[in-house]
$ cat structure_21.txt   # compact mmCIF, C-alpha atoms (C1' of nucleotides)
# COMPACT_ATOMS: atom_id res chain seq x y z
CA MET A 467 105.59 78.79 125.99
CA SER A 468 104.29 76.05 128.24
CA PHE A 469 100.66 75.05 128.49
CA LEU A 470 100.25 76.49 131.97
CA SER A 471 101.88 79.80 131.19
CA HIS A 472 99.80 80.05 128.03
CA LEU A 473 96.63 79.63 130.07
CA SER A 474 97.91 82.07 132.69
CA SER A 475 98.40 84.66 129.97
CA ILE A 476 94.65 84.49 129.28
CA ILE A 477 93.30 84.65 132.82
CA SER A 478 94.88 84.05 136.20
CA VAL A 479 94.82 80.34 136.94
CA SER A 480 94.32 79.30 140.56
CA ASP A 481 96.88 77.07 142.25
CA SER A 482 94.37 74.30 142.70
CA LEU A 483 93.51 74.33 138.99
CA GLN A 484 97.21 74.34 138.12
CA THR A 485 97.72 71.29 140.27
CA GLU A 486 94.75 69.58 138.71
CA LEU A 487 95.92 70.45 135.20
CA ASN A 488 99.29 68.94 135.95
CA SER A 489 97.66 65.74 137.05
CA VAL A 490 95.23 65.33 134.15
CA THR A 491 97.53 66.35 131.30
CA LYS A 492 100.33 64.25 129.95
CA GLN A 493 103.49 65.44 128.24
CA ILE A 494 104.14 63.29 125.22
CA THR A 495 106.91 63.32 122.67
CA VAL A 496 106.19 62.46 119.08
CA SER A 497 108.80 62.03 116.43
CA LYS A 498 108.57 63.63 113.02
CA ASN A 499 105.99 62.46 110.47
CA GLN A 500 103.86 60.49 112.86
CA SER A 501 100.08 60.38 112.59
CA ILE A 502 98.65 61.10 115.99
CA ILE A 503 95.03 60.79 115.00
CA ASN A 504 93.80 59.17 111.82
CA ILE A 505 90.83 60.03 109.66
CA GLY A 506 87.79 58.11 110.79
CA HIS A 507 88.85 57.80 114.40
CA ARG A 508 87.55 59.86 117.27
CA CYS A 509 89.94 62.61 118.24
CA ASN A 510 89.70 62.23 121.97
CA ASP A 511 92.37 64.73 122.96
CA ILE A 512 93.40 68.28 122.51
CA TYR A 513 97.11 68.88 122.03
CA PHE A 514 99.03 71.94 123.07
CA VAL A 515 102.29 72.28 121.16
CA GLU A 516 105.16 72.94 123.55
CA LYS A 517 107.74 72.32 120.88
CA GLY A 518 107.51 71.31 117.24
CA LEU A 519 104.80 71.58 114.66
CA LEU A 520 101.55 69.77 113.92
CA ARG A 521 99.25 69.88 110.97
CA GLY A 522 95.73 68.62 110.33
CA TYR A 523 94.82 67.43 106.88
CA TYR A 524 91.89 65.75 105.21
CA LEU A 525 91.60 63.92 101.92
CA GLU A 526 89.83 65.38 98.92
CA GLU A 527 89.89 63.10 95.89
CA GLY A 528 92.92 61.33 97.24
CA LYS A 529 94.87 64.51 97.85
CA GLU A 530 95.93 65.78 101.23
CA ILE A 531 94.42 69.15 102.03
CA THR A 532 96.07 70.89 104.96
CA ASN A 533 93.39 72.33 107.19
CA TRP A 534 95.60 73.88 109.85
CA PHE A 535 99.07 74.16 111.31
CA ALA A 536 99.74 74.36 115.05
CA GLN A 537 103.11 75.59 116.16
CA GLU A 538 104.59 76.33 119.58
CA GLY A 539 102.02 77.91 121.88
CA GLU A 540 99.04 76.79 119.81
CA PHE A 541 96.43 74.08 120.17
CA GLY A 542 95.89 71.32 117.68
CA THR A 543 92.96 68.96 117.50
CA CYS A 544 90.23 67.91 115.15
CA PHE A 545 87.88 70.42 116.68
CA TYR A 546 84.79 68.91 115.15
CA SER A 547 85.60 65.40 116.35
CA PHE A 548 86.70 66.55 119.77
CA VAL A 549 83.73 68.80 120.48
CA ALA A 550 80.95 66.91 118.71
CA ILE A 551 82.25 63.45 119.73
CA LYS A 552 82.27 62.28 116.14
CA PRO A 553 84.83 60.52 113.92
CA SER A 554 87.58 62.83 112.77
CA PHE A 555 87.57 63.91 109.14
CA GLU A 556 91.21 64.79 109.41
CA THR A 557 94.54 63.26 110.26
CA ILE A 558 96.80 65.02 112.73
CA GLN A 559 100.43 64.66 111.81
CA SER A 560 103.67 65.83 113.36
CA LEU A 561 105.80 67.77 110.91
CA GLU A 562 108.72 67.86 113.34
CA ASP A 563 109.75 66.10 116.52
CA CYS A 564 107.23 67.42 119.01
CA ILE A 565 106.65 67.83 122.70
CA LEU A 566 102.90 68.01 123.27
CA THR A 567 100.69 68.48 126.28
CA GLN A 568 97.78 66.14 125.88
CA LEU A 569 94.43 66.84 127.51
CA PRO A 570 91.72 64.19 127.14
CA TYR A 571 88.12 65.15 126.46
CA SER A 572 86.78 63.57 129.63
CA SER A 573 89.35 65.35 131.78
CA LEU A 574 88.41 68.64 130.20
CA GLN A 575 84.73 68.02 130.88
CA ASN A 576 85.57 67.24 134.51
CA LEU A 577 87.59 70.42 134.72
CA TYR A 578 84.64 72.38 133.36
CA ILE A 579 82.52 71.04 136.19
CA LYS A 580 85.05 71.16 138.98
CA PHE A 581 86.72 74.47 138.10
CA PRO A 582 84.27 76.93 136.54
CA GLU A 583 87.17 79.20 135.62
CA THR A 584 88.03 76.57 133.02
CA GLU A 585 84.81 77.44 131.22
CA ARG A 586 86.08 80.95 130.85
CA LEU A 587 89.37 79.69 129.47
CA GLY A 588 87.53 77.43 127.05
CA ARG A 589 85.26 80.23 125.94
CA ILE A 590 88.03 82.75 125.37
CA ILE A 591 90.25 80.28 123.53
CA THR A 592 87.38 79.23 121.29
CA GLU A 593 86.54 82.88 120.59
CA THR A 594 90.13 83.54 119.58
CA TYR A 595 90.22 80.60 117.22
CA TYR A 596 86.85 81.60 115.78
CA ILE A 597 88.14 85.03 114.87
CA LYS A 598 91.21 83.54 113.21
CA LEU A 599 89.05 81.16 111.24
CA GLU A 600 86.78 83.96 110.10
CA GLU A 601 89.79 85.92 108.91
CA ARG A 602 90.93 82.93 106.91
CA LEU A 603 87.51 82.46 105.39
CA LEU A 604 87.42 86.07 104.20
CA SER A 605 90.88 85.69 102.75
CA ILE A 606 90.00 82.55 100.82
CA GLN A 607 86.70 83.92 99.65
CA PHE A 608 87.80 87.14 98.03
CA LYS A 609 91.53 87.29 97.66
CA THR A 610 93.52 85.98 94.71
CA ALA A 611 95.92 83.09 95.15
CA LYS A 612 98.82 85.54 95.11
CA GLU A 613 97.30 87.79 97.77
CA ARG A 614 96.61 84.81 99.99
CA TYR A 615 100.17 83.64 99.69
CA GLN A 616 101.54 87.10 100.40
CA ASN A 617 99.34 87.27 103.46
CA PHE A 618 100.62 83.88 104.55
CA VAL A 619 104.20 85.06 104.17
CA LEU A 620 103.43 88.04 106.38
CA SER A 621 101.40 86.31 109.07
CA LYS A 622 102.99 82.86 109.16
CA SER A 623 106.51 83.50 107.97
CA SER A 624 107.91 81.11 110.57
CA LEU A 625 106.15 78.25 108.79
CA LEU A 626 107.73 78.93 105.41
CA GLN A 627 110.87 76.99 106.25
CA ARG A 628 109.13 74.29 108.23
CA THR A 629 106.49 73.12 105.78
CA SER A 630 106.46 71.97 102.20
CA LEU A 631 105.14 73.92 99.26
CA GLY A 632 102.37 71.41 98.77
CA GLN A 633 101.23 71.72 102.36
CA ILE A 634 101.09 75.50 102.14
CA ALA A 635 99.36 75.39 98.77
CA SER A 636 96.52 73.20 99.95
CA TYR A 637 96.20 75.25 103.14
CA LEU A 638 95.68 78.30 100.92
CA GLY A 639 93.27 76.49 98.66
CA ILE A 640 95.44 76.40 95.55
CA THR A 641 97.41 73.73 93.69
CA GLN A 642 101.12 73.35 94.27
CA GLU A 643 101.86 74.16 90.63
CA THR A 644 100.10 77.48 91.01
CA LEU A 645 101.94 78.26 94.23
CA SER A 646 105.23 77.36 92.61
CA ARG A 647 104.49 79.86 89.83
CA ILE A 648 103.48 82.51 92.33
CA ARG A 649 106.76 82.05 94.13
CA ALA A 650 108.69 82.26 90.88
CA GLU A 651 107.17 85.57 89.85
CA ILE A 652 107.53 87.37 93.17
CA MET B 1150 62.15 80.00 119.36
CA SER B 1151 62.70 82.63 122.01
CA PHE B 1152 66.08 83.61 123.36
CA LEU B 1153 65.44 82.02 126.75
CA SER B 1154 64.14 78.76 125.38
CA HIS B 1155 67.08 78.63 122.97
CA LEU B 1156 69.48 78.94 125.90
CA SER B 1157 67.50 76.40 127.89
CA SER B 1158 67.86 73.93 125.05
CA ILE B 1159 71.62 74.11 125.54
CA ILE B 1160 71.88 73.81 129.30
CA SER B 1161 69.37 74.27 132.07
CA VAL B 1162 69.19 77.94 132.95
CA SER B 1163 68.58 78.83 136.59
CA ASP B 1164 65.61 80.99 137.52
CA SER B 1165 67.86 83.72 138.81
CA LEU B 1166 69.76 83.83 135.55
CA GLN B 1167 66.51 83.88 133.61
CA THR B 1168 65.36 86.86 135.64
CA GLU B 1169 68.65 88.61 135.11
CA LEU B 1170 68.58 87.89 131.38
CA ASN B 1171 65.12 89.40 131.15
CA SER B 1172 66.34 92.52 132.83
CA VAL B 1173 69.53 93.04 130.81
CA THR B 1174 68.20 92.17 127.37
CA LYS B 1175 65.92 94.34 125.32
CA GLN B 1176 63.41 93.25 122.71
CA ILE B 1177 63.67 95.52 119.72
CA THR B 1178 61.79 95.63 116.46
CA VAL B 1179 63.54 96.64 113.30
CA SER B 1180 61.83 97.21 110.01
CA LYS B 1181 63.05 95.77 106.74
CA ASN B 1182 66.26 97.03 105.14
CA GLN B 1183 67.62 98.87 108.15
CA SER B 1184 71.30 98.96 109.02
CA ILE B 1185 71.63 98.07 112.66
CA ILE B 1186 75.40 98.39 112.81
CA ASN B 1187 77.53 100.13 110.22
CA ILE B 1188 81.01 99.36 109.01
CA GLY B 1189 83.57 101.20 111.08
CA HIS B 1190 81.47 101.36 114.23
CA ARG B 1191 81.87 99.17 117.26
CA CYS B 1192 79.31 96.39 117.35
CA ASN B 1193 78.41 96.60 120.99
CA ASP B 1194 75.58 94.08 121.04
CA ILE B 1195 74.76 90.57 120.14
CA TYR B 1196 71.36 90.02 118.54
CA PHE B 1197 69.24 86.94 118.81
CA VAL B 1198 66.71 86.70 116.02
CA GLU B 1199 63.25 85.97 117.40
CA LYS B 1200 61.60 86.73 114.10
CA GLY B 1201 62.89 87.90 110.75
CA LEU B 1202 66.25 87.71 109.07
CA LEU B 1203 69.55 89.52 109.44
CA ARG B 1204 72.63 89.52 107.31
CA GLY B 1205 76.17 90.78 107.82
CA TYR B 1206 78.07 92.12 104.85
CA TYR B 1207 81.36 93.84 104.21
CA LEU B 1208 82.62 95.80 101.25
CA GLU B 1209 85.22 94.47 98.87
CA GLU B 1210 86.06 96.88 96.05
CA GLY B 1211 82.76 98.62 96.53
CA LYS B 1212 80.73 95.44 96.36
CA GLU B 1213 78.69 94.03 99.22
CA ILE B 1214 79.91 90.62 100.27
CA THR B 1215 77.47 88.75 102.49
CA ASN B 1216 79.36 87.19 105.36
CA TRP B 1217 76.47 85.55 107.17
CA PHE B 1218 72.72 85.21 107.50
CA ALA B 1219 70.95 84.87 110.84
CA GLN B 1220 67.41 83.62 110.85
CA GLU B 1221 65.00 82.74 113.63
CA GLY B 1222 66.76 81.06 116.54
CA GLU B 1223 70.23 82.24 115.49
CA PHE B 1224 72.60 84.90 116.73
CA GLY B 1225 73.85 87.76 114.64
CA THR B 1226 76.68 90.11 115.47
CA CYS B 1227 79.98 91.24 114.08
CA PHE B 1228 81.76 88.64 116.13
CA TYR B 1229 85.17 90.20 115.68
CA SER B 1230 84.03 93.66 116.71
CA PHE B 1231 81.96 92.37 119.60
CA VAL B 1232 84.60 90.07 121.05
CA ALA B 1233 87.76 92.00 120.28
CA ILE B 1234 86.20 95.42 121.02
CA LYS B 1235 87.25 96.76 117.64
CA PRO B 1236 85.46 98.63 114.84
CA SER B 1237 83.19 96.39 112.82
CA PHE B 1238 84.29 95.46 109.32
CA GLU B 1239 80.74 94.61 108.46
CA THR B 1240 77.30 96.13 108.35
CA ILE B 1241 74.41 94.29 109.94
CA GLN B 1242 71.22 94.72 108.00
CA SER B 1243 67.66 93.50 108.44
CA LEU B 1244 66.36 91.70 105.37
CA GLU B 1245 62.86 91.53 106.83
CA ASP B 1246 60.93 93.15 109.63
CA CYS B 1247 62.61 91.71 112.70
CA ILE B 1248 62.07 91.13 116.37
CA LEU B 1249 65.46 90.88 118.02
CA THR B 1250 66.68 90.27 121.52
CA GLN B 1251 69.56 92.61 122.14
CA LEU B 1252 72.27 91.81 124.65
CA PRO B 1253 74.96 94.44 125.22
CA TYR B 1254 78.60 93.49 125.61
CA SER B 1255 78.93 94.92 129.11
CA SER B 1256 75.83 93.09 130.31
CA LEU B 1257 77.23 89.85 128.95
CA GLN B 1258 80.54 90.43 130.72
CA ASN B 1259 78.65 91.05 133.96
CA LEU B 1260 76.67 87.87 133.43
CA TYR B 1261 79.91 85.95 132.93
CA ILE B 1262 81.07 87.17 136.33
CA LYS B 1263 77.82 86.94 138.23
CA PHE B 1264 76.51 83.69 136.75
CA PRO B 1265 79.34 81.29 135.89
CA GLU B 1266 76.86 79.08 134.03
CA THR B 1267 76.79 81.82 131.40
CA GLU B 1268 80.41 81.01 130.63
CA ARG B 1269 79.34 77.52 129.73
CA LEU B 1270 76.61 78.86 127.48
CA GLY B 1271 79.07 81.20 125.83
CA ARG B 1272 81.59 78.44 125.32
CA ILE B 1273 79.13 75.96 123.85
CA ILE B 1274 77.54 78.52 121.54
CA THR B 1275 80.95 79.64 120.30
CA GLU B 1276 81.98 76.02 119.74
CA THR B 1277 78.86 75.41 117.67
CA TYR B 1278 79.45 78.46 115.51
CA TYR B 1279 83.11 77.50 115.12
CA ILE B 1280 82.17 74.11 113.71
CA LYS B 1281 79.72 75.70 111.28
CA LEU B 1282 82.35 78.14 110.14
CA GLU B 1283 84.89 75.38 109.61
CA GLU B 1284 82.39 73.49 107.49
CA ARG B 1285 81.88 76.57 105.37
CA LEU B 1286 85.60 77.08 104.97
CA LEU B 1287 86.06 73.54 103.71
CA SER B 1288 83.18 73.99 101.31
CA ILE B 1289 84.57 77.22 99.86
CA GLN B 1290 88.09 75.88 99.68
CA PHE B 1291 87.55 72.77 97.64
CA LYS B 1292 84.12 72.67 96.13
CA THR B 1293 83.10 74.14 92.81
CA ALA B 1294 80.64 77.01 92.64
CA LYS B 1295 77.91 74.59 91.61
CA GLU B 1296 78.57 72.20 94.50
CA ARG B 1297 78.54 75.07 96.96
CA TYR B 1298 75.23 76.29 95.67
CA GLN B 1299 73.73 72.80 95.78
CA ASN B 1300 74.91 72.48 99.35
CA PHE B 1301 73.35 75.84 100.15
CA VAL B 1302 70.05 74.70 98.67
CA LEU B 1303 70.15 71.61 100.86
CA SER B 1304 71.26 73.20 104.11
CA LYS B 1305 69.69 76.65 103.88
CA SER B 1306 66.70 76.09 101.65
CA SER B 1307 64.57 78.37 103.82
CA LEU B 1308 66.77 81.30 102.78
CA LEU B 1309 66.25 80.78 99.05
CA GLN B 1310 62.99 82.72 99.01
CA ARG B 1311 64.04 85.32 101.53
CA THR B 1312 67.29 86.57 100.04
CA SER B 1313 68.39 87.88 96.68
CA LEU B 1314 70.53 86.06 94.19
CA GLY B 1315 73.33 88.58 94.67
CA GLN B 1316 73.33 88.08 98.43
CA ILE B 1317 73.55 84.32 98.10
CA ALA B 1318 76.21 84.56 95.40
CA SER B 1319 78.55 86.68 97.48
CA TYR B 1320 77.92 84.47 100.52
CA LEU B 1321 79.10 81.54 98.41
CA GLY B 1322 82.07 83.44 97.07
CA ILE B 1323 80.93 83.69 93.46
CA THR B 1324 79.57 86.45 91.24
CA GLN B 1325 75.88 86.83 90.69
CA GLU B 1326 76.27 86.20 86.97
CA THR B 1327 77.85 82.86 87.69
CA LEU B 1328 75.14 81.93 90.17
CA SER B 1329 72.48 82.93 87.69
CA ARG B 1330 74.03 80.57 85.14
CA ILE B 1331 74.29 77.78 87.68
CA ARG B 1332 70.60 78.17 88.44
CA ALA B 1333 69.74 78.13 84.75
CA GLU B 1334 71.49 74.85 84.10
CA ILE B 1335 70.18 72.91 87.07
C1' DG C 558 128.54 58.94 98.32
C1' DT C 559 125.28 57.09 95.42
C1' DA C 560 120.77 55.55 94.34
C1' DA C 561 116.04 56.06 95.25
C1' DA C 562 112.29 58.68 96.54
C1' DT C 563 110.09 62.89 97.10
C1' DT C 564 109.31 67.61 96.14
C1' DT C 565 109.42 71.48 93.15
C1' DT C 566 109.45 73.56 88.74
C1' DT C 567 108.15 74.17 84.00
C1' DG C 568 105.31 73.68 79.79
C1' DA C 569 101.14 73.10 77.12
C1' DC C 570 96.52 73.19 77.34
C1' DA C 571 91.71 73.11 79.40
C1' DA C 572 88.17 74.41 82.52
C1' DT C 573 86.11 77.39 85.58
C1' DT C 574 84.82 81.64 86.86
C1' DA C 575 85.17 86.75 86.40
C1' DT C 576 84.38 91.02 83.90
C1' DC C 577 81.93 94.15 81.16
C1' DA C 578 77.87 95.39 78.75
C1' DA C 579 73.25 95.25 77.74
C1' DA C 580 68.65 93.19 77.64
C1' DA C 581 64.87 91.14 80.13
C1' DA C 582 62.23 90.45 84.13
C1' DA C 583 60.51 91.54 88.50
C1' DG C 584 59.30 94.54 92.15
C1' DA C 585 58.31 99.13 94.21
C1' DA C 586 56.31 103.63 93.95
C1' DA C 587 53.34 107.14 92.18
C1' DT D 1333 47.97 101.02 85.75
C1' DT D 1334 52.23 103.18 84.38
C1' DT D 1335 56.74 104.45 85.38
C1' DC D 1336 60.89 103.95 87.72
C1' DT D 1337 64.18 101.21 90.05
C1' DT D 1338 66.32 97.10 91.12
C1' DT D 1339 67.40 92.44 90.20
C1' DT D 1340 68.29 88.77 87.18
C1' DT D 1341 69.61 86.89 82.88
C1' DT D 1342 72.29 86.47 78.72
C1' DG D 1343 76.25 87.17 75.57
C1' DA D 1344 81.00 87.88 74.38
C1' DT D 1345 85.45 87.81 76.01
C1' DA D 1346 89.33 87.67 79.35
C1' DA D 1347 91.77 86.24 83.37
C1' DT D 1348 92.85 83.04 86.77
C1' DT D 1349 93.72 78.76 88.20
C1' DG D 1350 93.61 73.71 87.43
C1' DT D 1351 95.15 69.44 85.05
C1' DC D 1352 98.34 66.40 83.12
C1' DA D 1353 102.95 65.29 81.96
C1' DA D 1354 107.67 65.47 82.37
C1' DA D 1355 112.05 67.46 83.80
C1' DA D 1356 114.87 69.40 87.43
C1' DA D 1357 116.11 69.88 92.06
C1' DT D 1358 116.21 68.45 96.62
C1' DT D 1359 115.95 65.23 100.35
C1' DT D 1360 116.23 60.68 102.26
C1' DA D 1361 117.92 56.09 102.76
C1' DC D 1362 121.21 52.61 102.18
$ encode --input "structure_21.txt" --output "structure tokens"
Amino acid sequence: MSFLSHLSSIISVSDSLQTELNSVTKQITVSKNQSIINIGHRCNDIYFVEKGLLRGYYLEEGKEITNWFAQEGEFGTCFYSFVAIKPSFETIQSLEDCILTQLPYSSLQNLYIKFPETERLGRIITETYYIKLEERLLSIQFKTAKERYQNFVLSKSSLLQRTSLGQIASYLGITQETLSRIRAEI
Amino acid sequence: MSFLSHLSSIISVSDSLQTELNSVTKQITVSKNQSIINIGHRCNDIYFVEKGLLRGYYLEEGKEITNWFAQEGEFGTCFYSFVAIKPSFETIQSLEDCILTQLPYSSLQNLYIKFPETERLGRIITETYYIKLEERLLSIQFKTAKERYQNFVLSKSSLLQRTSLGQIASYLGITQETLSRIRAEI
DNA sequence: GTAAATTTTTGACAATTATCAAAAAAGAAA
DNA sequence: TTTCTTTTTTGATAATTGTCAAAAATTTAC
């Protein structure tokens, strides 16, 4: 699903805003295993995944901890860095060849001013991602490793073939050895 | 800090919006240990805490798991129920006598339409809460129980005297016995 | 196609945290 | 105060998950 049709599925997007969006966004292609943003740098853009798969990860005692995956039709960015204008604590990496729609922070802020309907889009999208994050927090807080994995299989089955065991394990907050054993016993 | 001055600290709020806010919100007082919203019911309002302390909790195998605290100057609601218009999975309870500013869902939706600046407020507030939630997720995912408690002491010290050990423990994703032992050894 | 590198699996063991039960302490009510 | 109720602490034990190490399997690169 393209960026514009994704937005249009949330609220109706005026022609003038569509035109403006086309002019301020950039379609970029990124090949597999590239780092788009590195830890410590400002994440100045939000990326909408047209095709491919992104992940965000941070380092904890030298190990990569996957914080999120963004597949087709989803946004990827270091939210904290982007919104708070601070250095990113995570690296954004392409797990596949990607086509991304890139929207810079300053363009978004201009859109917010020039097209108030964008505020509504921003609010609704943020609300949606908040609810997803809350769900994940509850799952990590009081489900066993096995339950979390089973839930992942149900809700993100499309990622099973596209990501490594280690990436999924750290996303679920468990070690890869434990996830390997969970897989073996199911 | 009052509801209006809290909003004004985010963006400048027009006089007409201030007037409207005064007319659509209601100041309510709630005595200690009351359930404002119960699990299974729609949470139709968002509450701004003028005075006192709220918490949201859900049940996991019969046990109360604290999902959030809202103290003076913070919002409390079952975000999922409020935004998605679904039954609440959590109960909102007053931990102290409270003065709350109550804003109903329908009034907020009207404000979004009538005063576009409200959209900006809604977006920015949601962004802020998203970042806090993400921080909490990272903390739960890869910190030990002791580290999480120490972080709680640093960032929420004002709650230490106002909440019970069991409430804090479940908020941190640990049992109260474990938290009691952590406290003993520090 | 073969070698090298990476990822996954398996084993042995350790650490953290949970569970269950009961005692102690603190707070609320009469 | 005195009793009752709730919360917190402590002890013994169990379960879950992590750590370290090495082997097996898979993927990548030449």
$ interface_residues --input "structure_21.txt" --of "chain A" --to "chain B" --cutoff "7 Å" --atoms "all atoms listed in the file" --output "PyMOL selection string"
chain A and resi 546+582+585-586+588-589+592-593+596-597+603+607-608+639
$ closest_residue --input "structure_21.txt" --among "B:Lys1295, B:Lys1200, B:Arg1332, B:Lys1305" --to "chain C" --atoms "only C-alpha atoms (C1' of nucleotides)"
B:Lys1295
$ atom_distance --input "structure_21.txt" --atom1 "atom CA of Leu1203 of chain B" --atom2 "atom CA of Ser1307 of chain B"
13.4 Å
$ closest_atom_pairs --input "structure_21.txt" --of "chain A" --to "chain D" --cutoff "12 Å" --atoms "all atoms listed in the file" --output "CSV"
residue,atom,partner,partner_atom,distance
A:Lys609,CA,D:DT1348,C1',11.8
A:Thr610,CA,D:DT1348,C1',8.5
A:Ala611,CA,D:DT1349,C1',8.5
A:Lys612,CA,D:DT1348,C1',10.6
A:Ser630,CA,D:DT1358,C1',11.8
A:Gly639,CA,D:DT1349,C1',10.7
A:Ile640,CA,D:DT1349,C1',7.9
A:Thr641,CA,D:DG1350,C1',7.3
A:Gln642,CA,D:DG1350,C1',10.2
A:Glu643,CA,D:DG1350,C1',8.9
A:Thr644,CA,D:DT1349,C1',7.1
A:Leu645,CA,D:DT1349,C1',10.2
A:Arg647,CA,D:DT1349,C1',10.9
A:Ile648,CA,D:DT1349,C1',11.2
$ write_last_selection --input "structure_21.txt" --atoms "C-alpha atoms" --output "tab-separated table (two decimals), keeping the file's coordinate frame"
chain	number	residue	atom	x	y	z
A	609	LYS	CA	91.53	87.29	97.66
A	610	THR	CA	93.52	85.98	94.71
A	611	ALA	CA	95.92	83.09	95.15
A	612	LYS	CA	98.82	85.54	95.11
A	630	SER	CA	106.46	71.97	102.20
A	639	GLY	CA	93.27	76.49	98.66
A	640	ILE	CA	95.44	76.40	95.55
A	641	THR	CA	97.41	73.73	93.69
A	642	GLN	CA	101.12	73.35	94.27
A	643	GLU	CA	101.86	74.16	90.63
A	644	THR	CA	100.10	77.48	91.01
A	645	LEU	CA	101.94	78.26	94.23
A	647	ARG	CA	104.49	79.86	89.83
A	648	ILE	CA	103.48	82.51	92.33
$ atom_distance --input "structure_21.txt" --atom1 "atom CA of Arg628 of chain A" --atom2 "atom CA of Pro553 of chain A"
28.5 Å
$ interface_residues --input "structure_21.txt" --of "chain C" --to "chain B" --cutoff "10 Å" --atoms "all atoms listed in the file" --output "ChimeraX atom specification"
/C:573-576
$ atom_distance --input "structure_21.txt" --atom1 "atom CA of Thr1250 of chain B" --atom2 "atom CA of Ser1237 of chain B"
19.6 Å
$ closest_residue --input "structure_21.txt" --among "B:Leu1252, B:Cys1227, B:Ile1241, B:Leu1308" --to "Arg1204 of chain B" --atoms "all atoms listed in the file"
B:Ile1241
$ residues_around --input "structure_21.txt" --residues "Val490 of chain A" --least-positions-apart "3" --cutoff "7 Å" --atoms "only C-alpha atoms (C1' of nucleotides)" --output "ChimeraX atom specification"
/A:486-487,569,573
$ closest_residue --input "structure_21.txt" --among "A:Ser475, A:Gly518, A:Ser623, A:Phe469" --to "Asn499 of chain A" --atoms "all atoms listed in the file"
A:Gly518
$ residues_around --input "structure_21.txt" --residues "Ala536 of chain A" --least-positions-apart "4" --cutoff "7 Å" --atoms "all atoms listed in the file" --output "ChimeraX atom specification"
/A:515,519-521,540-542
